[in-house]
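Data block for target-v2.tsv (TSV, C-alpha atoms and all ligand atoms):
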chain	number	residue	atom	x	y	z
A	202	MET	CA	16.25	-32.09	-16.28
A	203	SER	CA	17.02	-29.22	-13.95
A	204	SER	CA	15.23	-26.00	-14.83
A	205	LEU	CA	17.79	-23.81	-13.04
A	206	LEU	CA	18.57	-20.81	-15.22
A	207	PRO	CA	22.23	-20.14	-16.07
A	208	TRP	CA	21.92	-16.54	-14.85
A	209	HIS	CA	19.93	-15.98	-11.68
A	210	PRO	CA	20.91	-12.80	-9.81
A	211	ARG	CA	19.75	-12.43	-6.22
A	212	ARG	CA	16.84	-10.24	-5.29
A	213	PHE	CA	17.70	-6.75	-4.07
A	214	ASN	CA	16.35	-5.76	-0.71
A	215	ASP	CA	12.62	-4.91	-0.99
A	216	GLU	CA	12.51	-5.57	-4.75
A	217	ILE	CA	9.13	-6.31	-6.32
A	218	LEU	CA	8.76	-9.58	-8.27
A	219	SER	CA	8.36	-8.01	-11.74
A	220	SER	CA	11.60	-6.03	-11.32
A	221	TRP	CA	13.57	-9.08	-10.13
A	222	ILE	CA	12.22	-11.35	-12.89
A	223	LEU	CA	12.96	-8.66	-15.45
A	224	ARG	CA	16.63	-8.63	-14.43
A	225	ILE	CA	16.78	-12.43	-14.45
A	226	ALA	CA	15.18	-12.66	-17.92
A	227	ALA	CA	17.47	-9.92	-19.31
A	228	GLY	CA	20.54	-11.77	-18.03
A	229	ASN	CA	19.36	-14.86	-19.92
A	230	ASN	CA	18.60	-12.83	-23.07
A	231	VAL	CA	14.87	-13.52	-23.07
A	232	SER	CA	11.72	-11.62	-22.24
A	233	VAL	CA	9.80	-12.36	-19.07
A	234	ARG	CA	6.94	-13.58	-21.26
A	235	SER	CA	9.17	-16.22	-22.92
A	236	LEU	CA	10.63	-17.17	-19.56
A	237	CYS	CA	7.19	-17.67	-18.04
A	238	ALA	CA	6.02	-19.66	-21.06
A	239	TRP	CA	9.08	-21.92	-20.71
A	240	LEU	CA	8.13	-22.45	-17.05
A	241	GLY	CA	4.64	-23.46	-18.14
A	242	ASN	CA	2.74	-20.41	-16.92
A	243	ASP	CA	-0.56	-19.85	-18.68
A	244	GLN	CA	-1.49	-16.69	-16.78
A	245	PRO	CA	-1.17	-13.31	-18.48
A	246	VAL	CA	2.39	-12.23	-17.83
A	247	ALA	CA	1.31	-8.69	-16.84
A	248	ALA	CA	-0.43	-10.22	-13.83
A	249	LEU	CA	2.83	-11.51	-12.34
A	250	ASP	CA	2.78	-9.02	-9.47
A	251	ARG	CA	-0.86	-9.85	-8.76
A	252	MET	CA	-0.17	-13.51	-8.17
A	253	VAL	CA	-1.55	-14.79	-4.88
A	254	TYR	CA	0.99	-16.28	-2.51
A	255	THR	CA	-0.59	-19.73	-2.91
A	256	SER	CA	-0.06	-19.88	-6.70
A	257	PRO	CA	1.71	-23.07	-7.84
A	258	PHE	CA	3.69	-20.97	-10.34
A	259	ILE	CA	5.71	-19.63	-7.40
A	260	ASP	CA	7.31	-23.09	-7.06
A	261	SER	CA	8.36	-23.08	-10.72
A	262	ILE	CA	9.89	-19.62	-10.42
A	263	ALA	CA	11.73	-20.55	-7.22
A	264	GLU	CA	13.21	-23.66	-8.85
A	265	ALA	CA	14.28	-21.79	-11.98
A	266	ILE	CA	16.09	-19.05	-10.09
A	267	GLY	CA	17.52	-21.24	-7.34
A	268	ALA	CA	15.65	-19.46	-4.56
A	269	GLU	CA	13.40	-20.55	-1.72
A	270	LYS	CA	9.67	-20.32	-2.33
A	271	GLU	CA	9.41	-17.89	0.62
A	272	GLN	CA	11.82	-15.51	-1.08
A	273	VAL	CA	9.49	-15.32	-4.09
A	274	ILE	CA	6.43	-14.81	-1.86
A	275	GLU	CA	8.19	-11.94	-0.13
A	276	CYS	CA	8.28	-10.01	-3.44
A	277	LEU	CA	4.51	-10.10	-3.92
A	278	PRO	CA	2.21	-7.17	-3.17
A	279	SER	CA	-0.80	-9.47	-2.81
A	280	SER	CA	0.35	-10.67	0.59
A	281	LEU	CA	0.99	-7.07	1.67
A	282	HIS	CA	4.70	-6.95	1.72
A	283	GLY	CA	4.78	-10.69	1.53
A	284	LEU	CA	6.05	-10.88	5.03
A	285	SER	CA	2.81	-11.39	6.86
A	286	ARG	CA	1.92	-14.34	4.58
A	287	THR	CA	-1.76	-13.50	4.84
A	288	PRO	CA	-3.43	-10.80	2.79
A	289	VAL	CA	-3.99	-8.14	5.42
A	290	TYR	CA	-7.62	-7.11	5.27
A	291	ARG	CA	-9.78	-9.06	2.87
A	292	ILE	CA	-12.42	-6.54	1.89
A	293	ARG	CA	-15.99	-7.69	2.48
A	294	GLY	CA	-18.35	-6.98	-0.35
A	295	GLY	CA	-15.78	-7.39	-3.11
A	296	THR	CA	-15.28	-3.81	-4.22
A	297	ALA	CA	-11.50	-3.88	-4.39
A	298	PRO	CA	-9.40	-6.12	-6.63
A	299	MET	CA	-6.39	-5.69	-4.36
A	300	GLN	CA	-6.82	-3.82	-1.15
A	301	TRP	CA	-3.91	-1.50	-0.27
A	302	HIS	CA	-2.48	-1.60	-3.78
A	303	LEU	CA	-2.28	1.78	-5.52
A	304	TRP	CA	-4.81	2.17	-8.31
A	305	GLN	CA	-4.34	4.19	-11.42
A	306	ASP	CA	-6.50	6.82	-13.05
A	307	GLY	CA	-9.90	5.66	-14.25
A	308	SER	CA	-9.12	2.16	-15.38
A	309	TYR	CA	-10.68	0.14	-12.62
A	310	GLY	CA	-8.24	-2.05	-10.82
A	311	ALA	CA	-5.23	-0.99	-12.89
A	312	MET	CA	-2.17	-0.86	-10.69
A	313	SER	CA	-0.25	2.31	-10.13
A	314	ASN	CA	3.23	2.99	-8.87
A	315	GLN	CA	5.39	5.57	-7.12
A	316	TYR	CA	9.14	5.86	-6.58
A	317	CYS	CA	12.02	7.54	-4.78
A	318	PRO	CA	14.27	9.22	-7.41
A	319	ALA	CA	17.38	8.83	-5.22
A	320	CYS	CA	16.79	5.09	-4.59
A	321	LEU	CA	16.00	4.49	-8.24
A	322	GLU	CA	19.21	6.21	-9.34
A	323	GLU	CA	21.35	4.38	-6.75
A	324	LYS	CA	19.90	0.88	-7.14
A	325	GLY	CA	18.06	0.78	-10.48
A	326	HIS	CA	15.30	-1.59	-9.37
A	327	HIS	CA	11.66	-1.12	-8.36
A	328	GLN	CA	10.76	-1.59	-4.72
A	329	LEU	CA	7.76	-3.51	-3.44
A	330	PRO	CA	6.61	-0.73	-1.04
A	331	TRP	CA	6.27	1.65	-4.00
A	332	SER	CA	3.19	-0.25	-5.16
A	333	ILE	CA	1.48	-0.16	-1.75
A	334	SER	CA	-0.77	2.70	-0.68
A	335	ILE	CA	0.32	2.99	2.95
A	336	TYR	CA	3.86	3.89	1.87
A	337	THR	CA	4.11	7.60	1.19
A	338	CYS	CA	7.78	8.38	1.73
A	339	CYS	CA	11.28	6.95	1.51
A	340	LEU	CA	12.71	6.55	4.99
A	341	LYS	CA	16.26	6.33	3.67
A	342	HIS	CA	16.10	9.70	1.90
A	343	SER	CA	13.40	11.28	4.11
A	344	CYS	CA	11.43	12.42	1.06
A	345	PHE	CA	7.92	11.94	-0.27
A	346	LEU	CA	7.63	9.28	-2.97
A	347	ARG	CA	6.92	10.66	-6.44
A	348	GLU	CA	4.11	9.43	-8.68
A	349	SER	CA	4.80	11.15	-11.97
A	350	CYS	CA	7.60	11.92	-14.39
A	351	PRO	CA	9.30	15.27	-13.57
A	352	HIS	CA	9.72	15.97	-17.31
A	353	CYS	CA	6.32	15.21	-18.86
A	354	GLY	CA	4.13	14.87	-15.73
A	355	LYS	CA	2.64	11.51	-16.72
A	356	SER	CA	2.25	8.59	-14.29
A	357	PHE	CA	5.28	6.56	-13.30
A	358	ARG	CA	4.55	3.03	-14.41
A	359	SER	CA	5.50	-0.26	-12.84
A	360	ALA	CA	8.09	-2.73	-14.13
A	361	SER	CA	5.32	-4.95	-15.52
A	362	ARG	CA	5.15	-2.74	-18.65
A	363	PHE	CA	8.44	-4.33	-19.78
A	364	LEU	CA	7.45	-7.96	-19.33
A	365	ASN	CA	7.06	-8.65	-23.05
A	366	TRP	CA	10.52	-7.33	-23.91
A	367	SER	CA	14.04	-8.58	-23.62
A	368	LEU	CA	15.92	-5.68	-22.05
A	369	GLY	CA	19.58	-4.89	-22.71
A	370	ASN	CA	20.11	-2.84	-19.57
A	371	PRO	CA	17.23	-3.30	-17.10
A	372	GLY	CA	18.90	-1.04	-14.49
A	373	LYS	CA	18.66	1.91	-16.89
A	374	ASP	CA	15.38	0.93	-18.56
A	375	LEU	CA	13.60	0.74	-15.20
A	376	GLN	CA	14.51	4.41	-14.65
A	377	ARG	CA	12.83	5.58	-17.85
A	378	CYS	CA	9.47	7.28	-18.16
A	379	ALA	CA	7.01	5.12	-20.13
A	380	TYR	CA	5.84	8.18	-22.09
A	381	CYS	CA	8.79	10.52	-22.80
A	382	ASN	CA	11.56	7.93	-22.30
A	383	ARG	CA	13.66	10.33	-20.21
A	384	SER	CA	15.16	9.25	-16.88
A	385	VAL	CA	12.85	9.96	-13.94
A	386	ALA	CA	15.73	9.34	-11.52
A	387	ASN	CA	18.18	11.84	-12.90
A	388	CYS	CA	16.45	15.01	-11.73
A	389	ALA	CA	15.91	17.27	-8.73
A	390	PRO	CA	15.41	15.36	-5.47
A	391	SER	CA	11.89	14.73	-4.28
A	392	GLU	CA	10.29	17.01	-1.68
A	393	GLN	CA	11.44	16.41	1.90
A	394	ALA	CA	8.78	14.79	4.06
A	395	ASP	CA	7.91	16.24	7.46
A	396	LYS	CA	8.90	14.39	10.65
A	397	LYS	CA	5.34	13.32	11.49
A	398	THR	CA	4.83	11.71	8.06
A	399	LEU	CA	8.18	9.93	8.28
A	400	ARG	CA	7.41	8.59	11.73
A	401	MET	CA	3.97	7.40	10.66
A	402	CYS	CA	5.43	5.70	7.60
A	403	HIS	CA	7.98	3.98	9.83
A	404	VAL	CA	5.31	2.83	12.32
A	405	LEU	CA	2.89	1.50	9.70
A	406	GLY	CA	5.71	-0.04	7.66
A	407	SER	CA	6.87	-2.06	10.65
A	408	LEU	CA	3.33	-3.11	11.66
A	409	VAL	CA	2.36	-4.29	8.20
A	410	ARG	CA	5.08	-6.91	8.39
A	411	LYS	CA	3.47	-8.58	11.39
A	412	SER	CA	0.52	-10.88	10.80
A	413	SER	CA	-0.54	-10.29	14.43
A	414	CYS	CA	-1.49	-6.72	13.42
A	415	GLU	CA	-4.16	-7.89	10.96
A	416	SER	CA	-7.08	-6.62	13.03
A	417	PHE	CA	-5.51	-3.17	13.34
A	418	PHE	CA	-5.25	-2.94	9.55
A	419	GLU	CA	-8.81	-4.20	9.15
A	420	VAL	CA	-10.04	-1.29	11.25
A	421	LEU	CA	-7.74	1.13	9.46
A	422	ALA	CA	-9.07	-0.03	6.09
A	423	ARG	CA	-12.65	0.30	7.35
A	424	LEU	CA	-12.12	3.88	8.52
A	425	LEU	CA	-10.25	4.83	5.34
A	426	TYR	CA	-13.03	3.35	3.24
A	427	VAL	CA	-15.64	5.48	5.01
A	428	MET	CA	-13.50	8.63	4.88
A	429	CYS	CA	-12.39	8.47	1.26
A	430	ARG	CA	-15.80	8.09	-0.42
A	431	PRO	CA	-17.54	10.75	-2.54
A	432	SER	CA	-20.27	10.96	0.15
A	433	THR	CA	-21.46	13.85	2.32
A	434	LEU	CA	-20.50	11.87	5.40
A	435	ALA	CA	-16.94	11.49	4.10
A	436	GLU	CA	-16.79	15.15	3.12
A	437	ASN	CA	-17.86	16.17	6.62
A	438	LEU	CA	-15.35	13.86	8.23
A	439	ARG	CA	-12.56	15.14	6.00
A	440	SER	CA	-13.30	18.80	6.58
A	441	GLN	CA	-13.37	18.13	10.29
A	442	MET	CA	-10.25	16.00	10.50
A	443	LEU	CA	-7.91	17.39	7.88
A	444	PRO	CA	-6.48	20.89	8.30
A	445	GLY	CA	-7.47	23.28	5.48
A	446	SER	CA	-4.08	23.06	3.81
A	447	HIS	CA	-4.35	19.27	3.59
A	448	GLN	CA	-7.36	18.81	1.37
A	449	ILE	CA	-7.19	15.62	-0.60
A	450	THR	CA	-6.46	15.08	-4.28
A	451	SER	CA	-7.81	12.05	-6.09
A	452	ARG	CA	-6.13	10.54	-9.13
A	453	HIS	CA	-9.40	8.93	-10.20
A	454	SER	CA	-10.42	10.09	-13.68
A	455	SER	CA	-13.60	11.65	-12.27
A	456	GLY	CA	-11.45	13.78	-9.95
A	457	ALA	CA	-13.68	12.68	-7.06
A	458	PRO	CA	-12.35	10.80	-4.06
A	459	MET	CA	-13.37	7.15	-4.55
A	460	ASN	CA	-11.06	5.00	-2.46
A	461	PHE	CA	-7.91	5.53	-0.45
A	462	GLU	CA	-5.91	3.74	-3.16
A	463	TYR	CA	-6.71	6.47	-5.69
A	464	LEU	CA	-5.42	9.36	-3.56
A	465	ASP	CA	-2.18	11.09	-4.41
A	466	VAL	CA	0.83	10.58	-2.18
A	467	LYS	CA	0.40	13.56	0.15
A	468	SER	CA	-3.34	13.04	0.48
A	469	ARG	CA	-2.64	9.47	1.55
A	470	ALA	CA	-0.05	10.64	4.08
A	471	TYR	CA	-2.43	13.16	5.68
A	472	MET	CA	-5.41	10.82	5.51
A	473	LEU	CA	-3.44	8.09	7.28
A	474	GLN	CA	-2.37	10.53	9.99
A	475	ALA	CA	-6.01	11.60	10.46
A	476	VAL	CA	-7.25	8.03	10.68
A	477	VAL	CA	-4.48	6.83	12.99
A	478	SER	CA	-5.20	9.85	15.22
A	479	LEU	CA	-8.66	8.35	15.94
A	480	PHE	CA	-6.86	6.00	18.31
A	481	ALA	CA	-5.84	8.87	20.58
A	482	ASP	CA	-7.72	9.04	23.89
A	483	TRP	CA	-9.55	5.85	22.90
A	484	PRO	CA	-12.48	5.63	22.36
A	485	ASN	CA	-13.48	9.24	23.09
A	486	TYR	CA	-12.02	10.94	20.03
A	487	LEU	CA	-13.36	8.28	17.66
A	488	ILE	CA	-16.85	8.52	19.19
A	489	GLU	CA	-16.82	12.31	19.09
A	490	THR	CA	-15.78	12.28	15.41
A	491	LEU	CA	-18.33	9.66	14.37
A	492	ARG	CA	-21.12	11.43	16.24
A	493	SER	CA	-20.38	14.70	14.49
A	494	THR	CA	-21.99	13.40	11.32
A	495	ASN	CA	-25.32	11.94	10.30
A	496	GLN	CA	-25.84	8.82	8.16
A	497	LEU	CA	-23.54	6.96	10.47
A	498	HIS	CA	-25.59	3.82	10.91
A	499	TYR	CA	-25.63	2.97	7.25
A	500	HIS	CA	-21.90	3.46	6.74
A	501	LEU	CA	-20.76	1.69	9.84
A	502	HIS	CA	-22.79	-1.42	9.18
A	503	LEU	CA	-21.67	-2.10	5.64
A	504	PHE	CA	-19.19	-4.62	6.88
A	505	LYS	CA	-19.37	-7.09	9.72
A	506	ASP	CA	-16.79	-9.04	11.65
A	507	LEU	CA	-14.63	-6.19	12.79
A	508	PRO	CA	-12.77	-6.69	16.08
A	509	SER	CA	-14.91	-6.36	19.20
A	510	TRP	CA	-12.81	-3.53	20.70
A	511	TYR	CA	-13.72	-1.44	17.65
A	512	GLU	CA	-17.36	-2.51	17.35
A	513	ARG	CA	-18.04	-1.60	20.97
A	514	ALA	CA	-16.86	1.97	20.32
A	515	GLU	CA	-19.03	2.17	17.19
A	516	ARG	CA	-22.09	1.01	19.11
A	517	VAL	CA	-21.59	3.69	21.77
A	518	ALA	CA	-21.17	6.32	19.04
A	519	MET	CA	-24.57	5.41	17.58
A	520	ILE	CA	-26.48	6.11	20.79
A	521	PRO	CA	-26.64	9.86	21.45
A	522	CYS	CA	-25.40	10.89	24.92
A	523	SER	CA	-24.25	7.37	25.73
A	524	LYS	CA	-20.85	7.34	27.42
A	525	PRO	CA	-18.13	4.77	26.84
A	526	ASN	CA	-17.18	2.52	29.72
A	527	PRO	CA	-13.84	3.75	31.16
A	528	SER	CA	-12.47	0.21	30.95
A	529	GLU	CA	-12.68	0.35	27.11
A	530	ARG	CA	-9.36	2.13	27.01
A	531	ASP	CA	-7.66	-0.54	29.11
A	532	LYS	CA	-9.14	-3.25	26.91
A	533	LEU	CA	-7.83	-1.55	23.76
A	534	LEU	CA	-4.34	-1.09	25.22
A	535	HIS	CA	-4.32	-4.72	26.29
A	536	VAL	CA	-5.23	-5.93	22.78
A	537	ALA	CA	-2.82	-3.48	21.13
A	538	THR	CA	0.05	-4.68	23.31
A	539	ARG	CA	-0.76	-8.35	22.81
A	540	GLN	CA	-1.13	-8.04	19.04
A	541	GLY	CA	1.87	-5.75	18.67
A	542	TRP	CA	0.36	-2.52	17.32
A	543	ILE	CA	0.69	-0.46	20.49
A	544	THR	CA	3.17	1.80	18.61
A	545	ALA	CA	0.29	3.02	16.44
A	546	VAL	CA	-1.66	4.04	19.56
A	547	GLN	CA	1.46	5.74	20.93
A	548	PHE	CA	1.87	7.61	17.64
A	549	ALA	CA	-1.74	8.80	17.88
A	550	GLU	CA	-1.20	9.95	21.48
A	551	GLU	CA	1.96	11.88	20.58
A	552	ASN	CA	0.17	13.70	17.77
A	553	PRO	CA	-3.24	14.76	19.03
B	601	ZN	ZN	15.01	6.70	-1.33
B	602	ZN	ZN	8.01	11.52	-18.95
Once you've parsed the file, please lay out its structure as structure tokens.
Ligand SMILES: [Zn+2]
Ligand SMILES: [Zn+2]
Amino acid sequence: MSSLLPWHPRRFNDEILSSWILRIAAGNNVSVRSLCAWLGNDQPVAALDRMVYTSPFIDSIAEAIGAEKEQVIECLPSSLHGLSRTPVYRIRGGTAPMQWHLWQDGSYGAMSNQYCPACLEEKGHHQLPWSISIYTCCLKHSCFLRESCPHCGKSFRSASRFLNWSLGNPGKDLQRCAYCNRSVANCAPSEQADKKTLRMCHVLGSLVRKSSCESFFEVLARLLYVMCRPSTLAENLRSQMLPGSHQITSRHSSGAPMNFEYLDVKSRAYMLQAVVSLFADWPNYLIETLRSTNQLHYHLHLFKDLPSWYERAERVAMIPCSKPNPSERDKLLHVATRQGWITAVQFAEENP
């Protein structure tokens, strides 16, 4: 017996799995929960977007909706935009349930979401990049993404909140606030993003799709982890690297910065710019910044196995008055060109 569903609309560009499945289930007059049960899934349905790209359930979904398995994988946040096929940066030490995924309030590991009001009104589906922390603006509408309802101010929630229901009009329902039920799309446009933020979003968005850039993102994650903690070291680094008007806001219930994934949208944009700027004048600016604080040894050695071009710079930073070898810069540029993230270095150089 074929398990192909009678109604199986195609995925919209950049759509996240929960949003796509919701539209498919609605077209077949069932809830996503019933649909998944029929396909033999015994995982909690709310965890659909957290599925790893190796899950056998992906095959069942692909067969039911008449799509290739790769198309389903491409909708999953767990493989960071799905396109690289490998989870970019596997955190060592196990502190993060899903690195790079936005986290919500105080509930540890709960996923958060953001949106572009103009895209949501035009298309009516939820985009995969909205759930990922490195995305801070919409390149199509040149605006910052929004994280809360413009009417009641509560968090914008992901499509997975609807997975138990059979929706009559998913395009409209996906635009509604989970708390006040008003449309979050039908309102004033979101704030325009500055050119530097847009360019950075474009650069990182294109790099994250290449698996060859994995080591660049590992280093980025490492630096973000150190800079976004509630520690004195992190505070010193932030006050040194972020201009006064760009102090960070954490959405963690304690109000304290905890991890990059808890920061609000603008804080993430400015933090990413600060961290990417460490690549300018490599490795001198990084070394100067790291040396400007104490407690460095402890923080830098929490994780091992970072790329050698980065570890060499760290080692120099730990020895006072030691100077980096001039060839370090050539080595970095060589690696960055070979692995395809030279644009990130160029961005750092343009924006000292
Ligand atoms: Zn947009
Ligand atoms: Zn609301």
Env of range 437-453 of chain A: 10 Å cut, atoms = all atoms listed in the file, seq-sep filter 2 positions within chain, self excluded. Answer as an NGL selection string. :A and (304-309 or 427-429 or 432-435 or 455-472 or 474-476 or 478-479 or 490-491 or 493-495)
I'd like a table as JSON lines: residues in chain A with an atom no more than 7 Å from ligand ZN 602 (chain B), each row giving the shortest atom pair and its distance in Å to one decimal, only C-alpha atoms and all ligand atoms counted, sorted by chain and rising residue number.
{"residue": "A:Cys350", "atom": "CA", "partner": "B:ZN602", "partner_atom": "ZN", "distance": 4.6}
{"residue": "A:Pro351", "atom": "CA", "partner": "B:ZN602", "partner_atom": "ZN", "distance": 6.7}
{"residue": "A:His352", "atom": "CA", "partner": "B:ZN602", "partner_atom": "ZN", "distance": 5.0}
{"residue": "A:Cys353", "atom": "CA", "partner": "B:ZN602", "partner_atom": "ZN", "distance": 4.1}
{"residue": "A:Gly354", "atom": "CA", "partner": "B:ZN602", "partner_atom": "ZN", "distance": 6.1}
{"residue": "A:Lys355", "atom": "CA", "partner": "B:ZN602", "partner_atom": "ZN", "distance": 5.8}
{"residue": "A:Cys378", "atom": "CA", "partner": "B:ZN602", "partner_atom": "ZN", "distance": 4.6}
{"residue": "A:Ala379", "atom": "CA", "partner": "B:ZN602", "partner_atom": "ZN", "distance": 6.6}
{"residue": "A:Tyr380", "atom": "CA", "partner": "B:ZN602", "partner_atom": "ZN", "distance": 5.1}
{"residue": "A:Cys381", "atom": "CA", "partner": "B:ZN602", "partner_atom": "ZN", "distance": 4.1}
{"residue": "A:Asn382", "atom": "CA", "partner": "B:ZN602", "partner_atom": "ZN", "distance": 6.1}
{"residue": "A:Arg383", "atom": "CA", "partner": "B:ZN602", "partner_atom": "ZN", "distance": 5.9}
What are the closest atom pairs, with distances in Å to one decimal, for all residues of chain A lying within 9 Å of ligand ZN 601 (chain B)? Consider all atoms listed in the file, order rows by chain and residue number, and present the result as a Markdown table.
| residue | atom | partner | partner_atom | distance |
| --- | --- | --- | --- | --- |
| A:Tyr316 | CA | B:ZN601 | ZN | 7.9 |
| A:Cys317 | CA | B:ZN601 | ZN | 4.6 |
| A:Pro318 | CA | B:ZN601 | ZN | 6.6 |
| A:Ala319 | CA | B:ZN601 | ZN | 5.0 |
| A:Cys320 | CA | B:ZN601 | ZN | 4.0 |
| A:Leu321 | CA | B:ZN601 | ZN | 7.3 |
| A:Glu323 | CA | B:ZN601 | ZN | 8.7 |
| A:Cys338 | CA | B:ZN601 | ZN | 8.0 |
| A:Cys339 | CA | B:ZN601 | ZN | 4.7 |
| A:Leu340 | CA | B:ZN601 | ZN | 6.7 |
| A:Lys341 | CA | B:ZN601 | ZN | 5.2 |
| A:His342 | CA | B:ZN601 | ZN | 4.5 |
| A:Ser343 | CA | B:ZN601 | ZN | 7.3 |
| A:Cys344 | CA | B:ZN601 | ZN | 7.2 |
| A:Phe345 | CA | B:ZN601 | ZN | 8.9 |
| A:Leu346 | CA | B:ZN601 | ZN | 8.0 |
File of the preceding selection, C-alpha atoms, as a CSV table (one decimal), in the coordinates of the input:
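result.csv was written with the following content:
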chain,number,residue,atom,x,y,z
A,316,TYR,CA,9.1,5.9,-6.6
A,317,CYS,CA,12.0,7.5,-4.8
A,318,PRO,CA,14.3,9.2,-7.4
A,319,ALA,CA,17.4,8.8,-5.2
A,320,CYS,CA,16.8,5.1,-4.6
A,321,LEU,CA,16.0,4.5,-8.2
A,323,GLU,CA,21.4,4.4,-6.8
A,338,CYS,CA,7.8,8.4,1.7
A,339,CYS,CA,11.3,7.0,1.5
A,340,LEU,CA,12.7,6.6,5.0
A,341,LYS,CA,16.3,6.3,3.7
A,342,HIS,CA,16.1,9.7,1.9
A,343,SER,CA,13.4,11.3,4.1
A,344,CYS,CA,11.4,12.4,1.1
A,345,PHE,CA,7.9,11.9,-0.3
A,346,LEU,CA,7.6,9.3,-3.0
Nearest residue to Cys276 in chain A out of A:Glu264, A:Glu348, A:Glu216, A:Asp506, using all atoms listed in the file?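 Closest to Cys276 in chain A of all the choices is A:Glu216.
Closest approach to Asn314 in chain A among A:Cys522, A:Ile259, A:Ile217, A:Leu236: A:Ile217, based on only C-alpha atoms.
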Quick one: contact table of range 361-399 of chain A to range 534-552 of chain A, 12 Å max, nearest atom pair and distance in Å to one decimal per residue, counting all atoms listed in the file, chain and number order, as JSON lines?
{"residue": "A:Lys396", "atom": "CA", "partner": "A:Asn552", "partner_atom": "CA", "distance": 11.3}
{"residue": "A:Lys397", "atom": "CA", "partner": "A:Asn552", "partner_atom": "CA", "distance": 8.1}
{"residue": "A:Thr398", "atom": "CA", "partner": "A:Phe548", "partner_atom": "CA", "distance": 10.8}
{"residue": "A:Leu399", "atom": "CA", "partner": "A:Phe548", "partner_atom": "CA", "distance": 11.5}
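CA of Leu408 in chain A to CA of Leu375 in chain A spans 29.0 Å [interatomic distance, one decimal].
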List the spatial neighbours of Ser509 in chain A as a PyMOL selection string - criterion: any atom at most 12 Å away, only C-alpha atoms, same-chain residues fewer than 3 positions off excluded. chain A and resi 416-417+419-420+505-506+512-516+529+532-533+536
Need the shell around Val517 in chain A: protein/DNA/RNA residues with any atom at most 12 Å away, counting all atoms listed in the file. Skip same-chain ones fewer than 3 positions apart. Format as a ChimeraX atom specification? /A:484-485,487-489,491-492,497-498,510-514,520-526,529
Could you turn the residues from that selection into a file that holds C-alpha atoms, as a CSV table (one decimal), in the coordinates of the input?
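Saved result, part_28.csv, follows:
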chain,number,residue,atom,x,y,z
A,484,PRO,CA,-12.5,5.6,22.4
A,485,ASN,CA,-13.5,9.2,23.1
A,487,LEU,CA,-13.4,8.3,17.7
A,488,ILE,CA,-16.8,8.5,19.2
A,489,GLU,CA,-16.8,12.3,19.1
A,491,LEU,CA,-18.3,9.7,14.4
A,492,ARG,CA,-21.1,11.4,16.2
A,497,LEU,CA,-23.5,7.0,10.5
A,498,HIS,CA,-25.6,3.8,10.9
A,510,TRP,CA,-12.8,-3.5,20.7
A,511,TYR,CA,-13.7,-1.4,17.6
A,512,GLU,CA,-17.4,-2.5,17.4
A,513,ARG,CA,-18.0,-1.6,21.0
A,514,ALA,CA,-16.9,2.0,20.3
A,520,ILE,CA,-26.5,6.1,20.8
A,521,PRO,CA,-26.6,9.9,21.4
A,522,CYS,CA,-25.4,10.9,24.9
A,523,SER,CA,-24.2,7.4,25.7
A,524,LYS,CA,-20.8,7.3,27.4
A,525,PRO,CA,-18.1,4.8,26.8
A,526,ASN,CA,-17.2,2.5,29.7
A,529,GLU,CA,-12.7,0.4,27.1
For CA of Asp374 in chain A and CA of Trp239 in chain A, quote the distance in Å rounded to one decimal.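 According to the coordinates, CA of Asp374 in chain A and CA of Trp239 in chain A are separated by 23.8 Å.
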